[in-house]
Amino acid sequence: MLTEPLRVGRATVRNRIVFTAHLTGYAEDGLPTARHAAYYGERARTAGLVITEEHAVHPDDQPYEHMIRGHDPAVVPGLRTVADAVHAHGSLVLAQLNHNGPQASGMYSRAPVRGPSPLPDPMFREVPVELTESDLDVIVAGYAQVTRHVVAAGLDGVELQCSQASLVRCFLSPATNHRSDEHGGPLRNRARLLLRIVGAVRAELGDRVLAVRLGQEEGLPVGELAAVGALLETAGVDLLNTTIGVATSSLHLVEPSMHTPSGYATHVPSAVRAAVSVPVVAVGRFTTREQGEQVLREGHADLVGFARGLVAGPAFERACVGCNQECVGRVGMNRALGCAVNPRAGRESTLGRHGSRSVTPGPPRRRVTVVGGGPAGLRAAATAAARGHRVTLHERGRLGGQLALAALAPGRAELGFVVRDLVAECGANGVRITDDEPELDAEVVVLATGARPARRWAGALDVCDVLDGTAAPTGRVLVVDELGFHQATSVAELLAQRGCEVEVVTPAMVVGQDLGLTLDREGFRRRAHDLGVRLTTDTLVTGVGEGVTLVHHPTGRTRVREVDAVVEAVPPQPADELWETLRGRPGVHRIGDCLAPRRMDAAIRDGERVAVAL
Amino acid sequence: MLGEAVRVGTRQAPSRVLFGPHVTNLGRGRAFSDRHRAYYAERAAGGCGVIVCETASVHPSDRGYERAPLPGWGAIAGSCGGALLLASLGHSGSQGTSAFTGQAIWGASRVPDVVSREVPQVMEQPEISALVSGFAAAAARATADGLDGVEINAGQHSLLRQFLSGLTNQRTDAYGEDRTLLLREVLTAVRAAVGADAVVGLRLCTDELAPWAGITRDLSLSWFPSPTRESSASDERAGRQPFAHLVDYLVPVRGSGLSVSATRPDAHTPPGFNLSMARAFLGRGVPVVLQGSVVDPSMAEVAVREGFALVEMTRAQIAEPRLVAHVRAGAPERIRPCTLANQHRARDPRNPLITDETEPRSGHETVDPPLPRSPRPRRGSPLLVVGGGPAGMEAARTAALLGRPVRLVERADRLGGALWLAAALPGRARFGLLVEWWERELARLGVEVCLGREMRREELVGDVVLATGSAPSPPTFASDPDVRVLPAAEFLAGAATGAGAGGRGGGESAQRSGSGGTVLAGGPGLPAGAAVVVHDPLGDWTGVGVAELVAAGGLRCALVTPDAVAGTQLARTGDLADANARLERAGVERVLFSRLESVGRGAALVRDVHHGATRELPATVVIDCAHRLPDTALGGHPRIGDCVAPRTVHEAVREGRRVVGC
């Protein structure tokens, strides 16, 4: 079913796969770039319909640095390259149009934010100016103007964002719309702005595709969304896209991490589809064709949206595992979108015509020895082999290195897919994987020997000991978090599930500081609360002996805690003995944790880089 | 003396005031830009003697932030007239990030930075050699591009400091045995690259505030032995005189990766805090520059008399580009005071442009028109400004500069509006200085000020600008009358009076109380024994400051925030960690990840924002630090500042200018 064409308005989409809108940070000076074109083009090989990231309809709306200035006619040439790149694969492309309203900041625009009512957004916390009727006229005209630019650039239509972060959703939701005029109160009033915009945009679009994206949130139950959907169908909208959550208060629902199962939002399109006859798009952390097929088979939707799924595997050749490290995590920090498991994501424009399909065949075939089968070594081997080199990968222990261990933690099993996909890619590319002694006389030797536990305190365990089963602490367990990511929190959950009384202690201001970036914090705090895990911040462990000495550094208060076990999550030590003997020899490279212990994305990126340079 | 020329190396600086290197985000990508050019030129035209540009990365392994400049100064060369223009050269090392290069960051040893927790790659000889060459090549480029020389960054944010410090250098090779070796190699290579004629300055961390392993004042003093003993070539070889003969000036700064906010702290730290440390370097064979929140020209004058060659006044010149010109003209009272609030620092992942709380044109010199330097002849049409807060005062000031007769009417019995509330917070007393400055300016420009006068709608005739400020928002939580709910402004109005900050001269006394830590006792208007809950859904300076005032009054206090930390927005000012530590030490309970649901019967009910568990806190008083709403009682005329949308002084000033056409 996923491969069947579908009529959308007057157009035909060649399959049911949609690459849905998401921020990329690829704009320069507010204009779309060649990077956008190559990125969307690569996904258009698979997706019959591509929806670009949002285009601003008013210059005052700039919630983040790299927002595209859709209202500026200068966007047309860049948009045209995007259209050409997508059309080259027979796919359709819509530009998303949006005004973020009060879900924004005046920092870049130097203007106050505006909204239906003077209620500050939970994240940006700026008090919006209440929009007047004449302000709304300007905004509606802005939507029409951007539509003209989109049409001039040859795109196939537009999608109006009425979800996640938008002025139109703020009008639609009674939680953010407290007006008593003709825009407040009953749904018909709250939807007035949306319907005006639909009318103005349709007038510019002709028979091109007009889509609207609706989202379920606290103030907007699915029943109400279905009613809006019906109004929109009557108003001539061709396609209804869906989502769940609000970008500035419940982003963990919009783009959840691997703790949330695929298909978690299917009830939204299902309810909308029951009320309309135009096609409806489902989203919800779909990462495989099979999941897409199932949604269609069960009748929840007519098309299936994939964003991260196609970022990680533009042809579904590798799974997105919902780690959120380099996509959500980077965009949230005002950085360009990347992907932890696909180091080429966002770099397609610099990789030549074939993008991620094949890497330009390299110079003469060389004999390459890769020592170590963690993510760095596997990536290096797979890419080097794809470039035509003869590659042997040596691993004496388990393939996947620390990643395979991390996958044993509660809710983190999908990390195992990263290993599975890398091993499969090595196999397909002809890498010889062996547990023999490495041939260190090869022309090229890539050391990817990883890292081992630091063992800072005698008597303490490392998180790896708990995950690989060498140790099974019981009773009162203190987990020391100096890494600020999943290591400590995963092991704390695991031990608490086994009945331990667990406390996580960190010198930082927050336990698992970086879980906020990957949108794992809400879930972790909920699970930790349910399991009774205690979270202690601002505290250093200065000694592990009879008891554990804890120093609260803001006050200098010292306590001694009696526990049955201490588990450290501290930076590991590189296993770089081979480097000590091979240092300086031509053709010898170090990648991954044996160079500097970092996270999965860094290991994979190192592996890709060293192999591409061979 | 401050305005007099001074010799720096072989060159002459027109004044003794230095504009130090800082992140601006004014670049186009990583290139110095026309915006940089205008920004530096503005300070040079205002009389600054030495301008040190934003630090450029000397090696591709370093990109500490997205727009960290690359070597190449053509765009700004020749922009600064007689002022010396120097390139700052650096490498952030383990304080950098792999986010933009995609590669491991470099470090002296495998010590992760406390904030980023990124473990660096340990530099081996090839990397060290490349670094030294990088410094030399960048220095050569700077002088070839027409700059007067370079400043080498071995300050708080630098790889060179990381090599000097026992906190971060745990090497066992030559660079560990002699931790000054790398800096010596760099300075030697740089001097060789630029020759004897160009200026080579050194910004050096001389106290890391971490005596257990870090650079201490005694250690750094030992690098500059007193020249009373004959120094000789053998001393230099033995490393006893490692740096002084290679540089033309020294800027001692403090702080490390553990205390990044200590270098340019906000006003919780008193101005001139480095004086005693820097003084120790006088008379040690190298001209010394005083750095450290110096914002007052009289403090700078005293320093110069004492023997400092130059005084760094960076933030003071972001706030007032014409600082030296006003000193030279004998009118230091016209200098717009720097708040030292750090609210517009550019070191932030969102890449904001550098600007200033009260001078919004800073950083926007290429787009915002300049104000007339002296008042135009008074021939314009009369203007009535309603409201004497920052927006109204700046509108009146600007209109008067443009030659319009202006009447400013304020309903309170003094000017300043919400500035007094800001000034009542611990560490923010300098906002009171702004009121005094505006009062002087309005008097100088002949603005007619009417105090204690509430305007009625029918009195608004002719050209009118409304700057009537804001009012509290209704509480978002349910409350029973037995618990008193007090908007923050009402509490702070009491605090301001209690501190004696009201009226003329109040700013100075408030400044003393802010810097000396003697905050008022007995939470104003709060009964003894009150249990106070501070409701802070915004996470800015207000909630934290209010809680500090309450605790200082000896009352039980809890601060309720939806965030992971108290005062989350203070990350930008650099006060976040300090603020949370102050609250802890003051005994304020931080109730994190929580929303206030209701108050009544002596208790406040809070709910966790993630898992929904509830908790009761003792509460007889709630101070509500939530957002404010525009005061829209008057209408029909252009509005500016908080009566459009309650924001900060920055927006108020900008709108005050724009509304009268500037």
# chains A, B, ... in the order shown; residues from 1 in each chain; ligands from 1

$ closest_atom_pairs --of "stretch 269-338 of chain A" --to "stretch 52-67 of chain A" --cutoff "10 Å" --atoms "only C-alpha atoms" --output "CSV"
residue,atom,partner,partner_atom,distance
A:Val331,CA,A:Tyr64,CA,9.8
A:Gly332,CA,A:Tyr64,CA,9.6
A:Met333,CA,A:Tyr64,CA,9.9
A:Asn334,CA,A:Glu65,CA,7.1
A:Arg335,CA,A:His66,CA,9.0
A:Ala336,CA,A:His66,CA,9.0

$ interface_residues --of "chain A" --to "chain B" --cutoff "9 Å" --atoms "only C-alpha atoms" --output "count of residues only"
50

$ residues_around --residues "stretch 387-402 of chain B" --least-positions-apart "4" --cutoff "6 Å" --atoms "only C-alpha atoms" --output "PDB file with N, CA and C atoms, in the first residue's frame"
ATOM      1  N   PRO B 375      22.505  69.028  21.153  1.00  0.00           N
ATOM      2  CA  PRO B 375      21.104  69.318  20.840  1.00  0.00           C
ATOM      3  C   PRO B 375      20.966  70.247  19.642  1.00  0.00           C
ATOM      4  N   ARG B 376      20.007  69.947  18.800  1.00  0.00           N
ATOM      5  CA  ARG B 376      19.722  70.816  17.662  1.00  0.00           C
ATOM      6  C   ARG B 376      18.991  72.050  18.176  1.00  0.00           C
ATOM      7  N   VAL B 409       5.664  64.063  31.920  1.00  0.00           N
ATOM      8  CA  VAL B 409       4.782  64.023  33.088  1.00  0.00           C
ATOM      9  C   VAL B 409       4.812  62.626  33.698  1.00  0.00           C
ATOM     10  N   GLU B 410       5.052  62.578  35.002  1.00  0.00           N
ATOM     11  CA  GLU B 410       5.159  61.295  35.699  1.00  0.00           C
ATOM     12  C   GLU B 410       4.210  61.309  36.890  1.00  0.00           C
ATOM     13  N   LEU B 415      11.233  60.396  39.115  1.00  0.00           N
ATOM     14  CA  LEU B 415      11.438  59.719  37.838  1.00  0.00           C
ATOM     15  C   LEU B 415      11.998  58.319  38.082  1.00  0.00           C
ATOM     16  N   GLY B 416      11.947  57.505  37.053  1.00  0.00           N
ATOM     17  CA  GLY B 416      12.618  56.207  37.142  1.00  0.00           C
ATOM     18  C   GLY B 416      11.711  55.026  36.871  1.00  0.00           C
ATOM     19  N   GLY B 417      10.448  55.126  37.273  1.00  0.00           N
ATOM     20  CA  GLY B 417       9.524  54.017  37.025  1.00  0.00           C
ATOM     21  C   GLY B 417      10.059  52.703  37.547  1.00  0.00           C
ATOM     22  N   LEU B 442      18.080  65.111  31.210  1.00  0.00           N
ATOM     23  CA  LEU B 442      16.845  65.860  30.960  1.00  0.00           C
ATOM     24  C   LEU B 442      17.015  67.308  31.409  1.00  0.00           C
ATOM     25  N   ALA B 467       4.082  56.265  27.737  1.00  0.00           N
ATOM     26  CA  ALA B 467       5.100  55.341  28.268  1.00  0.00           C
ATOM     27  C   ALA B 467       4.700  55.039  29.700  1.00  0.00           C
ATOM     28  N   THR B 468       3.512  54.480  29.844  1.00  0.00           N
ATOM     29  CA  THR B 468       2.892  54.386  31.163  1.00  0.00           C
ATOM     30  C   THR B 468       3.187  53.088  31.892  1.00  0.00           C
ATOM     31  N   GLY B 641       7.655  51.020  25.216  1.00  0.00           N
ATOM     32  CA  GLY B 641       8.104  50.357  26.442  1.00  0.00           C
ATOM     33  C   GLY B 641       7.090  49.373  26.994  1.00  0.00           C
ATOM     34  N   ALA B 652      12.819  49.359  26.061  1.00  0.00           N
ATOM     35  CA  ALA B 652      12.218  50.651  26.402  1.00  0.00           C
ATOM     36  C   ALA B 652      13.018  51.784  25.767  1.00  0.00           C
ATOM     37  N   VAL B 653      14.341  51.710  25.882  1.00  0.00           N
ATOM     38  CA  VAL B 653      15.191  52.771  25.325  1.00  0.00           C
ATOM     39  C   VAL B 653      15.057  52.808  23.809  1.00  0.00           C
ATOM     40  N   GLY B 656      11.835  54.259  22.853  1.00  0.00           N
ATOM     41  CA  GLY B 656      11.827  55.684  23.186  1.00  0.00           C
ATOM     42  C   GLY B 656      12.484  56.518  22.092  1.00  0.00           C
ATOM     43  N   ARG B 657      13.525  55.965  21.503  1.00  0.00           N
ATOM     44  CA  ARG B 657      14.193  56.693  20.414  1.00  0.00           C
ATOM     45  C   ARG B 657      13.390  56.625  19.127  1.00  0.00           C
ATOM     46  N   VAL B 660      10.333  58.911  18.378  1.00  0.00           N
ATOM     47  CA  VAL B 660      10.539  60.303  17.977  1.00  0.00           C
ATOM     48  C   VAL B 660      11.426  60.394  16.733  1.00  0.00           C
TER      49      VAL B 660
END

$ select_by_dssp --residues "stretch 91-322 of chain B" --states "alpha helix (DSSP H)" --output "PyMOL selection string"
chain B and resi 125-144+159-164+174-177+181-194+217-222+233-238+275-279+297-306+314-319

$ write_last_selection --atoms "C-alpha atoms" --output "JSON list (two decimals), in the first residue's frame"
[["chain", "number", "residue", "atom", "x", "y", "z"],
["B", 125, "GLN", "CA", 53.91, 16.93, 19.59],
["B", 126, "PRO", "CA", 52.40, 17.28, 16.09],
["B", 127, "GLU", "CA", 49.37, 19.12, 17.50],
["B", 128, "ILE", "CA", 51.55, 21.31, 19.73],
["B", 129, "SER", "CA", 53.78, 22.24, 16.81],
["B", 130, "ALA", "CA", 50.76, 23.02, 14.66],
["B", 131, "LEU", "CA", 49.36, 25.23, 17.42],
["B", 132, "VAL", "CA", 52.58, 27.24, 17.76],
["B", 133, "SER", "CA", 52.78, 27.66, 13.98],
["B", 134, "GLY", "CA", 49.12, 28.67, 13.96],
["B", 135, "PHE", "CA", 49.76, 31.48, 16.42],
["B", 136, "ALA", "CA", 52.77, 32.69, 14.43],
["B", 137, "ALA", "CA", 50.94, 32.57, 11.09],
["B", 138, "ALA", "CA", 47.92, 34.40, 12.47],
["B", 139, "ALA", "CA", 50.13, 37.07, 14.02],
["B", 140, "ALA", "CA", 51.94, 37.59, 10.73],
["B", 141, "ARG", "CA", 48.58, 37.86, 8.98],
["B", 142, "ALA", "CA", 47.36, 40.46, 11.46],
["B", 143, "THR", "CA", 50.28, 42.79, 10.88],
["B", 144, "ALA", "CA", 50.20, 42.15, 7.13],
["B", 159, "LEU", "CA", 44.17, 26.49, 25.78],
["B", 160, "LEU", "CA", 47.30, 28.40, 26.79],
["B", 161, "ARG", "CA", 45.91, 28.79, 30.31],
["B", 162, "GLN", "CA", 44.98, 25.12, 30.34],
["B", 163, "PHE", "CA", 48.66, 24.31, 29.76],
["B", 164, "LEU", "CA", 49.73, 26.70, 32.54],
["B", 174, "ALA", "CA", 58.46, 18.72, 28.94],
["B", 175, "TYR", "CA", 55.16, 20.65, 28.71],
["B", 176, "GLY", "CA", 54.13, 19.24, 32.05],
["B", 177, "GLU", "CA", 57.47, 19.57, 33.80],
["B", 181, "LEU", "CA", 56.93, 26.12, 28.07],
["B", 182, "LEU", "CA", 54.07, 26.24, 25.57],
["B", 183, "LEU", "CA", 53.26, 29.89, 26.23],
["B", 184, "ARG", "CA", 56.96, 30.76, 25.91],
["B", 185, "GLU", "CA", 57.15, 28.96, 22.60],
["B", 186, "VAL", "CA", 54.03, 30.74, 21.37],
["B", 187, "LEU", "CA", 55.21, 34.19, 22.44],
["B", 188, "THR", "CA", 58.65, 33.61, 20.94],
["B", 189, "ALA", "CA", 57.16, 32.47, 17.63],
["B", 190, "VAL", "CA", 54.71, 35.37, 17.59],
["B", 191, "ARG", "CA", 57.38, 37.95, 18.30],
["B", 192, "ALA", "CA", 59.53, 36.47, 15.56],
["B", 193, "ALA", "CA", 56.57, 36.62, 13.19],
["B", 194, "VAL", "CA", 55.62, 40.26, 13.79],
["B", 217, "ARG", "CA", 48.76, 34.80, 42.31],
["B", 218, "ASP", "CA", 52.06, 33.69, 43.84],
["B", 219, "LEU", "CA", 52.72, 31.29, 41.01],
["B", 220, "SER", "CA", 51.94, 33.83, 38.32],
["B", 221, "LEU", "CA", 54.00, 36.49, 40.10],
["B", 222, "SER", "CA", 56.93, 34.10, 39.96],
["B", 233, "ALA", "CA", 69.92, 35.94, 29.17],
["B", 234, "SER", "CA", 70.58, 32.97, 31.41],
["B", 235, "ASP", "CA", 67.52, 33.87, 33.47],
["B", 236, "GLU", "CA", 65.47, 33.78, 30.32],
["B", 237, "ARG", "CA", 66.87, 30.42, 29.36],
["B", 238, "ALA", "CA", 66.21, 29.07, 32.82],
["B", 275, "LEU", "CA", 42.86, 45.91, 41.59],
["B", 276, "SER", "CA", 44.90, 44.33, 44.35],
["B", 277, "MET", "CA", 45.90, 41.35, 42.24],
["B", 278, "ALA", "CA", 46.92, 43.44, 39.24],
["B", 279, "ARG", "CA", 48.79, 45.91, 41.44],
["B", 297, "PRO", "CA", 36.51, 56.92, 34.99],
["B", 298, "SER", "CA", 37.59, 58.21, 38.38],
["B", 299, "MET", "CA", 38.59, 54.69, 39.40],
["B", 300, "ALA", "CA", 40.49, 54.42, 36.12],
["B", 301, "GLU", "CA", 42.23, 57.77, 36.71],
["B", 302, "VAL", "CA", 43.40, 56.61, 40.13],
["B", 303, "ALA", "CA", 44.73, 53.40, 38.61],
["B", 304, "VAL", "CA", 46.71, 55.28, 35.98],
["B", 305, "ARG", "CA", 48.20, 57.56, 38.65],
["B", 306, "GLU", "CA", 49.18, 54.47, 40.55],
["B", 314, "THR", "CA", 35.11, 47.08, 27.88],
["B", 315, "ARG", "CA", 31.56, 46.95, 29.11],
["B", 316, "ALA", "CA", 31.69, 50.64, 30.05],
["B", 317, "GLN", "CA", 32.39, 51.43, 26.38],
["B", 318, "ILE", "CA", 29.70, 49.07, 25.12],
["B", 319, "ALA", "CA", 27.31, 51.19, 27.18]]

$ residues_around --residues "stretch 20-37 of chain A" --least-positions-apart "2" --cutoff "6 Å" --atoms "only C-alpha atoms" --output "list in words"
Val18, Tyr39, Tyr40, Gly41, Ile51, Thr52, Glu53, His66, Met67, Ile68, Arg69, Val75, Gly78, Thr81, Val82, Ala85, Gly305, Ala307, Ala336, Leu337 and Ser349 of chain A

$ atom_distance --atom1 "atom CA of A:Ala345" --atom2 "atom CA of B:Ser94"
26.5 Å

$ residues_around --residues "A:Pro586" --least-positions-apart "4" --cutoff "12 Å" --atoms "only C-alpha atoms" --output "ChimeraX atom specification"
/A:440-446,582,590

$ closest_residue --among "B:Val588, B:Val550, B:Val288, B:Val659" --to "B:Asp463" --atoms "only C-alpha atoms"
B:Val659

$ residues_around --residues "A:Arg561" --least-positions-apart "2" --cutoff "8 Å" --atoms "only C-alpha atoms" --output "list in words"
Gly547, Val548, Thr549, Leu550, Arg559 and Val563 of chain A

$ residues_around --residues "A:Gly475" --least-positions-apart "3" --cutoff "6 Å" --atoms "only C-alpha atoms" --output "VMD selection string"
chain A and resid 500 to 501 564

$ closest_residue --among "B:Arg607, B:Arg171, B:Arg67, B:Arg37" --to "B:Gly81" --atoms "only C-alpha atoms"
B:Arg37
